[in-house]
Amino acid sequence: MLAMDGSLIIPGLMNPTATAAPSKITVPYVNLPLQMRRVKAEVLSAIERVLESGTYILGPEVQEFEKRFAEYCGTKFAVGLNSGMDALFLVLKSMGIGPGDEVITVPNSFIASAACIAQLGAKPVFVDVREDLNLDPALLEKAITPRTKAILPVHLTGRPADMKPILEVAARRNLPVVEDAAQAVGATYHGKRVGSFGLAGCFSLHPLKNLHAFGDAGAVTTNDEKLHQHLLKLRNHGLRNRDECEFWGFNSRLDTIQAAALIVKLQHLEEWTEERRRLAHEYNTALQDVVGVPVEGANTRHVYQTYVILAERRDELQQHLRSRGVDAKIHYPVSLFQQEAAQSLACRNEDVPVAATLGKRILSLPLFPEMTREQVQTVIDGVRSFYRP
Amino acid sequence: MKVKSPNRKAARKTTPEKLRIPYNYLDRQYWLADVEHIWKGMRELVRTGDFTIGAPVLEFEKRLAKFVGTKHALGTNTGTSALILALKGLGVGPGDEVITQTNTFYATVGAIVAVGARPVFADVDGQYQIDPASVERAITSKTRAVLPVHWTGFPVDMEPILDLAKRKNLLVVEDACAALGASRDGRSVGSWGHAAAFSYHPLKQLNAWGDGGTIVTNDDRLIEWLRLYRNHGMVNRDEIAIWGINERLQSIQAVVLNGMIDALPKAIRRRMEIADRIEKGLADVPEVVIPRRPRGVVHAYQIYVIRVRRREELRKYLEAEGVDTRVHYPIPLHLQKAARDLGYKSGDFPVAERQAKEILTLPLNQYLSNAEVDYMVDRIRRFYQR
């Protein structure tokens with residue numbers, strides 16, 4: 001049985017986020033069909049054009065999407081892939097990262113940020129975060145060893161990491177920076193889009209992202225011509241053309257029909273992002289005296305892919321919201337560094353104290369542009385009534 | 001809005017004026033196949049938002065397992081990832097050698113390399129299939145698995161491979177990416193090895209509208225591990241047991257596949273009919289060699305490959321006459337740039353190397369009319385002045 005976010009639920013297995021008393025959910029965490037409805041006609045007709053042409057693999061819509069996405073992100077190139085995880089994996093692979101290497105990232109991100117490193121036989125090294133949930137630049141240099149091959153900051157929840165000091169350290173130590181921008185399409189830092197800072201930006205276009213396909217999808221942005229050319233082959237079996245194989249590659253391609261849908265949605269992205277930001281700011285104003293609301297760094301644009309508050313008595317708050325019909329989620333109750341898969345990395349709470357404590361306080365409130373006024377008010381009242389009954 | 005194929009009108013005339021027979025038939029499939037119920041499924045999917053390993057995927061997995069006759073089937077993003085998952089799940093990795101054939105598609109070898117194993121090549125026979133004697137000669141102390149490919153959609157005779165594997169204690173993974181629907185004496189491809197991979201790339205006989213694949217197996221432990229591994233290693237939404245990957249079959253593609261799988265046996269029968277018609281029409285042309293289909297074989301004809309003299313000239317001639325051909329592939333894998341570190345050279349696989357110069361793929365799909373088939377045959381005959 002699958003949850004909406006794709007995770008497998010094994011019946012009978014203790015699910016830490018399961019609540020005791022099931023209530024009718026009137027404010028779901030997300031409502032994909034509602035958003036789809038807004039662009040349904042455009043998307044379906046774009047897909048039909050692909051079907052009539054029969055170019056389902058790397059058709060012209062893929063190149064068109066790549067061009068527009070690169071423009072949007074302010075980079076020279078973009079490459080459409082199967083998923084955000086593949087974006088990370090293939091970029092790191094292109095950089096030659098492998099066994100014996102270390103890649104620095106953060107301990108509170110989605111599994112893929114570390115899994116891509118582990119899949120290459122390299123070691124993820126965790127650097128603690130600040131209250132903005134992003135990599136703490138002051139702790140970065142200390143984590144660098146002779147084995148470090150790259151730095152992988154994450155723009156978690158859609159809030160840009162503090163790139164300037166990160167890039168300064170990276171430049172000083174001659175290390176490439178790859179941005180995990182999976183949750184942050186459209187976010188900006190000092191006027192520039194995420195994905196345009198390091199060697200490459202890796203994006204997810206999964207259904208729960210601000211810009212999404214209707215299935216798995218991902219993209220890499222880069223200004224590096226060599227990396228661009230390499231990825232075009234690496235995603236397509238290493239082929240220079242249909243008869244010549246330069247190196248053994250993978251199959252990780254953005255489906256043409258997904259590209260067609262994405263072209264339509266990209267046109268609406270700014271509008272949808274502004275809607276998200278308006279709602280987020282409304283939450284901020286209404287809740288800032290009872291919980292820690294997401295603070296936007298100076299000169300940055302948070303795109304609120306997830307609206308995460310820092311709450312005292314978080315678990316009880318979640319239950320309370322549940323009883324009021326609000327489905328709030330935790331990203332993630334078991335932090336990455338605490339997972340069974342990460343045991344061999346031997347990263348303890350003391351090594352990443354901020355991430356360890358934040359993990360107990362974070363709560364993601366439902367936020368989507370199609371929310372009704374009642375739903376927004378239900379969320380606000382739900383949170384406020386817990387702290388000020 | 002359906003438009004009649006332009007060739008239908010022309011084909012009805014008795015004297016064959018010039019026809020156009022493209023290799024890619026997918027636009028025709030969209031006109032001719034019953035896609036309304038697929039659209040219905042798509043709209044339903046959009047309505048529910050069930051995009052990640054949704055109900056259509058689970059349904060398709062069940063149907064595919066039944067079709068092939070294995071206990072389990074797991075949908076993957078591509079045929080390539082199905083191969084990678086099969087090898088990885090069975091424990092193939094660095095230090096291991098995997099034997100496969102040199103005339104297959106690049107992905108077969110890509111998968112071996114992706115798990116860190118070393119590809120080792122074997123030669124093929126007159127049916128373009130892996131030669132068991134060549135496989136045996138290639139076995140070393142490091143060999144872990146044999147990866148026979150049901151190349152072109154022909155079902156390999158698995159008995160000698162399985163015997164050899166048993167004797168030498170090797171795993172067998174079937175690359176059945178080209179061969180869904182093929183069978184030998186009633187037994188489907190994919191049902192013999194420890195695991196097998198299928199692909200639904202748009203030019204496969206069962207196709208998605210994008211990439212798609214499946215791994216099949218009877219091994220309960222393997223499938224449980226794979227379920228985790230292909231979905232980020234997630235036991236539930238909060239707990240990750242192992243580092244995984246994201247190689248899921250897309251719900252929308254599963255909708256398409258569910259809509260097309262029932263028509264597959266009929267499609268294959270039609271392909272075999274066409275193949276027989278071509279073979280009959282070219283039987284007395286000595287410059288054309290067509291491997292005879294053995295009894296008891298249901299050949300999926302994912303690609304229809306013949307061997308011809310003066311291949312390049314024939315290709316150009318056919319192109320000028322409107323017939324769009326391909327070559328799968330002019331350069332065998334052991335001679336590719338990608339293989340340069342494996343230490344092979346020209347002459348190592350004489351059968352495959354010779355075939356590579358002679359093979360020609362004619363457009364063949366279930367949407368061709370007899371008139372179009374006859375046209376192709378006629379033009380080939382004209383080229384050889386028969």
# chains A, B, ... in the order shown; residues from 1 in each chain; ligands from 1
>>> interface_residues(of="chain A", to="chain B", cutoff="7 Å", atoms="only C-alpha atoms", output="number ranges by chain")
A: 2, 4-10, 32-33, 36, 51-54, 56-57, 85, 115, 118, 214-216, 237, 243-251, 255-256, 332-334, 339-341
>>> residues_around(residues="A:Ala114", least_positions_apart="3", cutoff="9 Å", atoms="only C-alpha atoms", output="PyMOL selection string")
(chain A and resi 103+105-107+109-111+117-119+123-125+336+342) or (chain B and resi 243)
>>> write_last_selection(atoms="N, CA, C and O atoms", output="short mmCIF file (atom, residue, chain, number, x, y, z; two decimals), in the first residue's frame")
data_model
loop_
_atom_site.label_atom_id
_atom_site.label_comp_id
_atom_site.auth_asym_id
_atom_site.auth_seq_id
_atom_site.Cartn_x
_atom_site.Cartn_y
_atom_site.Cartn_z
N VAL A 103 31.61 13.30 0.35
CA VAL A 103 30.83 14.44 -0.13
C VAL A 103 30.09 15.00 1.07
O VAL A 103 29.42 14.27 1.80
N THR A 105 27.26 17.00 2.99
CA THR A 105 25.87 17.43 2.84
C THR A 105 25.26 17.62 4.22
O THR A 105 26.01 17.75 5.20
N VAL A 106 23.92 17.68 4.29
CA VAL A 106 23.28 17.97 5.58
C VAL A 106 22.49 16.77 6.09
O VAL A 106 21.99 15.97 5.29
N PRO A 107 22.34 16.66 7.42
CA PRO A 107 21.77 15.46 8.02
C PRO A 107 20.25 15.44 8.11
O PRO A 107 19.67 14.47 8.58
N SER A 109 18.07 16.30 5.45
CA SER A 109 17.43 16.37 4.14
C SER A 109 16.66 15.10 3.83
O SER A 109 16.63 14.16 4.63
N PHE A 110 16.03 15.07 2.65
CA PHE A 110 15.38 13.86 2.16
C PHE A 110 16.46 12.82 1.85
O PHE A 110 17.59 13.17 1.51
N ILE A 111 16.08 11.57 1.96
CA ILE A 111 17.01 10.45 1.81
C ILE A 111 17.92 10.57 0.58
O ILE A 111 19.10 10.24 0.62
N ILE A 117 25.08 9.73 -2.86
CA ILE A 117 26.51 9.62 -2.53
C ILE A 117 26.84 8.17 -2.21
O ILE A 117 27.82 7.60 -2.73
N ALA A 118 26.01 7.55 -1.38
CA ALA A 118 26.24 6.16 -0.99
C ALA A 118 26.18 5.22 -2.19
O ALA A 118 26.93 4.25 -2.27
N GLN A 119 25.30 5.51 -3.13
CA GLN A 119 25.17 4.66 -4.32
C GLN A 119 26.46 4.62 -5.13
O GLN A 119 26.72 3.67 -5.87
N LYS A 123 31.28 8.38 0.69
CA LYS A 123 30.75 8.55 2.05
C LYS A 123 30.09 9.92 2.22
O LYS A 123 30.73 10.95 1.98
N PRO A 124 28.82 9.93 2.63
CA PRO A 124 28.21 11.22 2.96
C PRO A 124 28.77 11.69 4.30
O PRO A 124 28.80 10.93 5.26
N VAL A 125 29.19 12.95 4.34
CA VAL A 125 29.67 13.56 5.60
C VAL A 125 28.69 14.67 5.94
O VAL A 125 28.44 15.56 5.14
N LEU A 336 17.59 11.82 8.56
CA LEU A 336 18.46 11.05 7.66
C LEU A 336 19.60 10.37 8.42
O LEU A 336 19.86 9.18 8.23
N ALA A 342 21.89 4.61 7.54
CA ALA A 342 23.03 5.50 7.79
C ALA A 342 23.89 5.05 8.97
O ALA A 342 24.82 5.74 9.36
N TRP B 243 20.11 2.16 1.67
CA TRP B 243 20.20 3.21 0.65
C TRP B 243 19.57 2.65 -0.61
O TRP B 243 19.98 1.61 -1.12
#
>>> residues_around(residues="B:Ile130", least_positions_apart="3", cutoff="8 Å", atoms="only C-alpha atoms", output="PyMOL selection string")
chain B and resi 100-101+122-125+134-135+148-149+156
>>> write_last_selection(atoms="all heavy atoms", output="PDB file, in the first residue's frame")
ATOM      1  N   THR B 100      27.602 -11.939 -21.577  1.00  0.00           N
ATOM      2  CA  THR B 100      26.448 -11.669 -22.425  1.00  0.00           C
ATOM      3  C   THR B 100      26.909 -11.672 -23.883  1.00  0.00           C
ATOM      4  O   THR B 100      28.075 -11.942 -24.172  1.00  0.00           O
ATOM      5  CB  THR B 100      25.762 -10.336 -22.039  1.00  0.00           C
ATOM      6  OG1 THR B 100      24.504 -10.258 -22.728  1.00  0.00           O
ATOM      7  CG2 THR B 100      26.613  -9.137 -22.414  1.00  0.00           C
ATOM      8  N   GLN B 101      25.993 -11.376 -24.804  1.00  0.00           N
ATOM      9  CA  GLN B 101      26.364 -11.448 -26.225  1.00  0.00           C
ATOM     10  C   GLN B 101      26.761 -10.082 -26.743  1.00  0.00           C
ATOM     11  O   GLN B 101      26.315  -9.050 -26.234  1.00  0.00           O
ATOM     12  CB  GLN B 101      25.213 -12.021 -27.048  1.00  0.00           C
ATOM     13  CG  GLN B 101      23.965 -11.176 -26.981  1.00  0.00           C
ATOM     14  CD  GLN B 101      22.734 -12.063 -26.964  1.00  0.00           C
ATOM     15  OE1 GLN B 101      22.465 -12.773 -26.007  1.00  0.00           O
ATOM     16  NE2 GLN B 101      21.991 -12.010 -28.047  1.00  0.00           N
ATOM     17  N   ALA B 122      30.220 -13.001 -25.560  1.00  0.00           N
ATOM     18  CA  ALA B 122      30.142 -14.292 -26.242  1.00  0.00           C
ATOM     19  C   ALA B 122      29.609 -14.065 -27.653  1.00  0.00           C
ATOM     20  O   ALA B 122      28.961 -13.045 -27.921  1.00  0.00           O
ATOM     21  CB  ALA B 122      29.218 -15.236 -25.477  1.00  0.00           C
ATOM     22  N   ASP B 123      29.852 -15.011 -28.511  1.00  0.00           N
ATOM     23  CA  ASP B 123      29.396 -14.913 -29.896  1.00  0.00           C
ATOM     24  C   ASP B 123      27.957 -15.422 -30.005  1.00  0.00           C
ATOM     25  O   ASP B 123      27.380 -15.915 -29.028  1.00  0.00           O
ATOM     26  CB  ASP B 123      30.328 -15.701 -30.829  1.00  0.00           C
ATOM     27  CG  ASP B 123      30.432 -15.080 -32.217  1.00  0.00           C
ATOM     28  OD1 ASP B 123      29.588 -14.214 -32.558  1.00  0.00           O
ATOM     29  OD2 ASP B 123      31.352 -15.456 -32.970  1.00  0.00           O
ATOM     30  N   VAL B 124      27.428 -15.309 -31.225  1.00  0.00           N
ATOM     31  CA  VAL B 124      26.025 -15.665 -31.422  1.00  0.00           C
ATOM     32  C   VAL B 124      25.873 -16.691 -32.537  1.00  0.00           C
ATOM     33  O   VAL B 124      26.854 -17.053 -33.203  1.00  0.00           O
ATOM     34  CB  VAL B 124      25.197 -14.394 -31.759  1.00  0.00           C
ATOM     35  CG1 VAL B 124      25.198 -13.425 -30.599  1.00  0.00           C
ATOM     36  CG2 VAL B 124      25.709 -13.734 -33.022  1.00  0.00           C
ATOM     37  N   ASP B 125      24.642 -17.161 -32.716  1.00  0.00           N
ATOM     38  CA  ASP B 125      24.383 -18.165 -33.752  1.00  0.00           C
ATOM     39  C   ASP B 125      23.606 -17.546 -34.903  1.00  0.00           C
ATOM     40  O   ASP B 125      23.419 -16.331 -34.959  1.00  0.00           O
ATOM     41  CB  ASP B 125      23.635 -19.367 -33.153  1.00  0.00           C
ATOM     42  CG  ASP B 125      22.253 -18.997 -32.619  1.00  0.00           C
ATOM     43  OD1 ASP B 125      21.701 -17.947 -33.001  1.00  0.00           O
ATOM     44  OD2 ASP B 125      21.721 -19.782 -31.807  1.00  0.00           O
ATOM     45  N   SER B 134      30.216 -20.706 -27.015  1.00  0.00           N
ATOM     46  CA  SER B 134      31.004 -19.492 -26.832  1.00  0.00           C
ATOM     47  C   SER B 134      30.929 -19.010 -25.388  1.00  0.00           C
ATOM     48  O   SER B 134      31.924 -18.533 -24.827  1.00  0.00           O
ATOM     49  CB  SER B 134      30.477 -18.414 -27.802  1.00  0.00           C
ATOM     50  OG  SER B 134      31.212 -17.226 -27.669  1.00  0.00           O
ATOM     51  N   VAL B 135      29.772 -19.175 -24.785  1.00  0.00           N
ATOM     52  CA  VAL B 135      29.621 -18.798 -23.375  1.00  0.00           C
ATOM     53  C   VAL B 135      30.554 -19.649 -22.529  1.00  0.00           C
ATOM     54  O   VAL B 135      31.301 -19.138 -21.682  1.00  0.00           O
ATOM     55  CB  VAL B 135      28.169 -18.991 -22.898  1.00  0.00           C
ATOM     56  CG1 VAL B 135      28.070 -18.766 -21.381  1.00  0.00           C
ATOM     57  CG2 VAL B 135      27.225 -18.024 -23.603  1.00  0.00           C
ATOM     58  N   PRO B 148      21.775 -14.005 -21.018  1.00  0.00           N
ATOM     59  CA  PRO B 148      21.354 -14.186 -22.408  1.00  0.00           C
ATOM     60  C   PRO B 148      20.279 -13.160 -22.770  1.00  0.00           C
ATOM     61  O   PRO B 148      19.462 -12.785 -21.925  1.00  0.00           O
ATOM     62  CB  PRO B 148      20.776 -15.605 -22.418  1.00  0.00           C
ATOM     63  CG  PRO B 148      20.329 -15.854 -21.018  1.00  0.00           C
ATOM     64  CD  PRO B 148      21.240 -15.057 -20.122  1.00  0.00           C
ATOM     65  N   VAL B 149      20.320 -12.721 -24.006  1.00  0.00           N
ATOM     66  CA  VAL B 149      19.346 -11.744 -24.484  1.00  0.00           C
ATOM     67  C   VAL B 149      18.420 -12.424 -25.484  1.00  0.00           C
ATOM     68  O   VAL B 149      18.902 -13.104 -26.390  1.00  0.00           O
ATOM     69  CB  VAL B 149      20.058 -10.561 -25.179  1.00  0.00           C
ATOM     70  CG1 VAL B 149      19.041  -9.496 -25.586  1.00  0.00           C
ATOM     71  CG2 VAL B 149      21.126  -9.971 -24.275  1.00  0.00           C
ATOM     72  N   VAL B 156      15.178 -17.399 -26.792  1.00  0.00           N
ATOM     73  CA  VAL B 156      16.393 -18.217 -26.776  1.00  0.00           C
ATOM     74  C   VAL B 156      16.067 -19.630 -26.296  1.00  0.00           C
ATOM     75  O   VAL B 156      15.208 -19.828 -25.442  1.00  0.00           O
ATOM     76  CB  VAL B 156      17.415 -17.576 -25.803  1.00  0.00           C
ATOM     77  CG1 VAL B 156      18.608 -18.477 -25.578  1.00  0.00           C
ATOM     78  CG2 VAL B 156      17.850 -16.225 -26.314  1.00  0.00           C
TER      79      VAL B 156
END
>>> atom_distance(atom1="atom CA of B:Leu64", atom2="atom CA of A:Ala261")
28.2 Å
>>> residues_around(residues="A:Met163", least_positions_apart="2", cutoff="9 Å", atoms="only C-alpha atoms", output="PDB file with N, CA and C atoms, in the first residue's frame")
ATOM      1  N   PRO A 137      27.337  27.468   7.312  1.00  0.00           N
ATOM      2  CA  PRO A 137      28.614  27.715   6.642  1.00  0.00           C
ATOM      3  C   PRO A 137      29.792  27.765   7.625  1.00  0.00           C
ATOM      4  N   PRO A 153      25.226  21.376  -0.730  1.00  0.00           N
ATOM      5  CA  PRO A 153      24.243  22.051   0.122  1.00  0.00           C
ATOM      6  C   PRO A 153      22.836  21.786  -0.395  1.00  0.00           C
ATOM      7  N   PRO A 160      16.546  29.096   0.251  1.00  0.00           N
ATOM      8  CA  PRO A 160      17.921  28.999  -0.251  1.00  0.00           C
ATOM      9  C   PRO A 160      18.924  28.878   0.892  1.00  0.00           C
ATOM     10  N   ALA A 161      19.892  27.998   0.701  1.00  0.00           N
ATOM     11  CA  ALA A 161      21.008  27.918   1.639  1.00  0.00           C
ATOM     12  C   ALA A 161      21.834  29.194   1.498  1.00  0.00           C
ATOM     13  N   PRO A 165      28.849  32.477   1.770  1.00  0.00           N
ATOM     14  CA  PRO A 165      29.946  31.911   2.560  1.00  0.00           C
ATOM     15  C   PRO A 165      30.292  30.473   2.172  1.00  0.00           C
ATOM     16  N   ILE A 166      29.308  29.707   1.725  1.00  0.00           N
ATOM     17  CA  ILE A 166      29.581  28.331   1.289  1.00  0.00           C
ATOM     18  C   ILE A 166      30.509  28.361   0.085  1.00  0.00           C
ATOM     19  N   LEU A 167      30.202  29.212  -0.877  1.00  0.00           N
ATOM     20  CA  LEU A 167      31.026  29.301  -2.075  1.00  0.00           C
ATOM     21  C   LEU A 167      32.428  29.815  -1.748  1.00  0.00           C
ATOM     22  N   GLU A 168      32.510  30.706  -0.736  1.00  0.00           N
ATOM     23  CA  GLU A 168      33.838  31.227  -0.353  1.00  0.00           C
ATOM     24  C   GLU A 168      34.714  30.106   0.171  1.00  0.00           C
ATOM     25  N   TYR A 189      18.562  33.715  -4.390  1.00  0.00           N
ATOM     26  CA  TYR A 189      19.502  34.154  -3.353  1.00  0.00           C
ATOM     27  C   TYR A 189      20.264  35.319  -3.941  1.00  0.00           C
ATOM     28  N   PHE A 197      24.392  28.496  -9.042  1.00  0.00           N
ATOM     29  CA  PHE A 197      25.551  28.900  -8.248  1.00  0.00           C
ATOM     30  C   PHE A 197      26.753  27.992  -8.416  1.00  0.00           C
TER      31      PHE A 197
END
>>> residues_around(residues="stretch 278-281 of chain A", least_positions_apart="5", cutoff="8 Å", atoms="only C-alpha atoms", output="ChimeraX atom specification")
/A:304,307,367,369
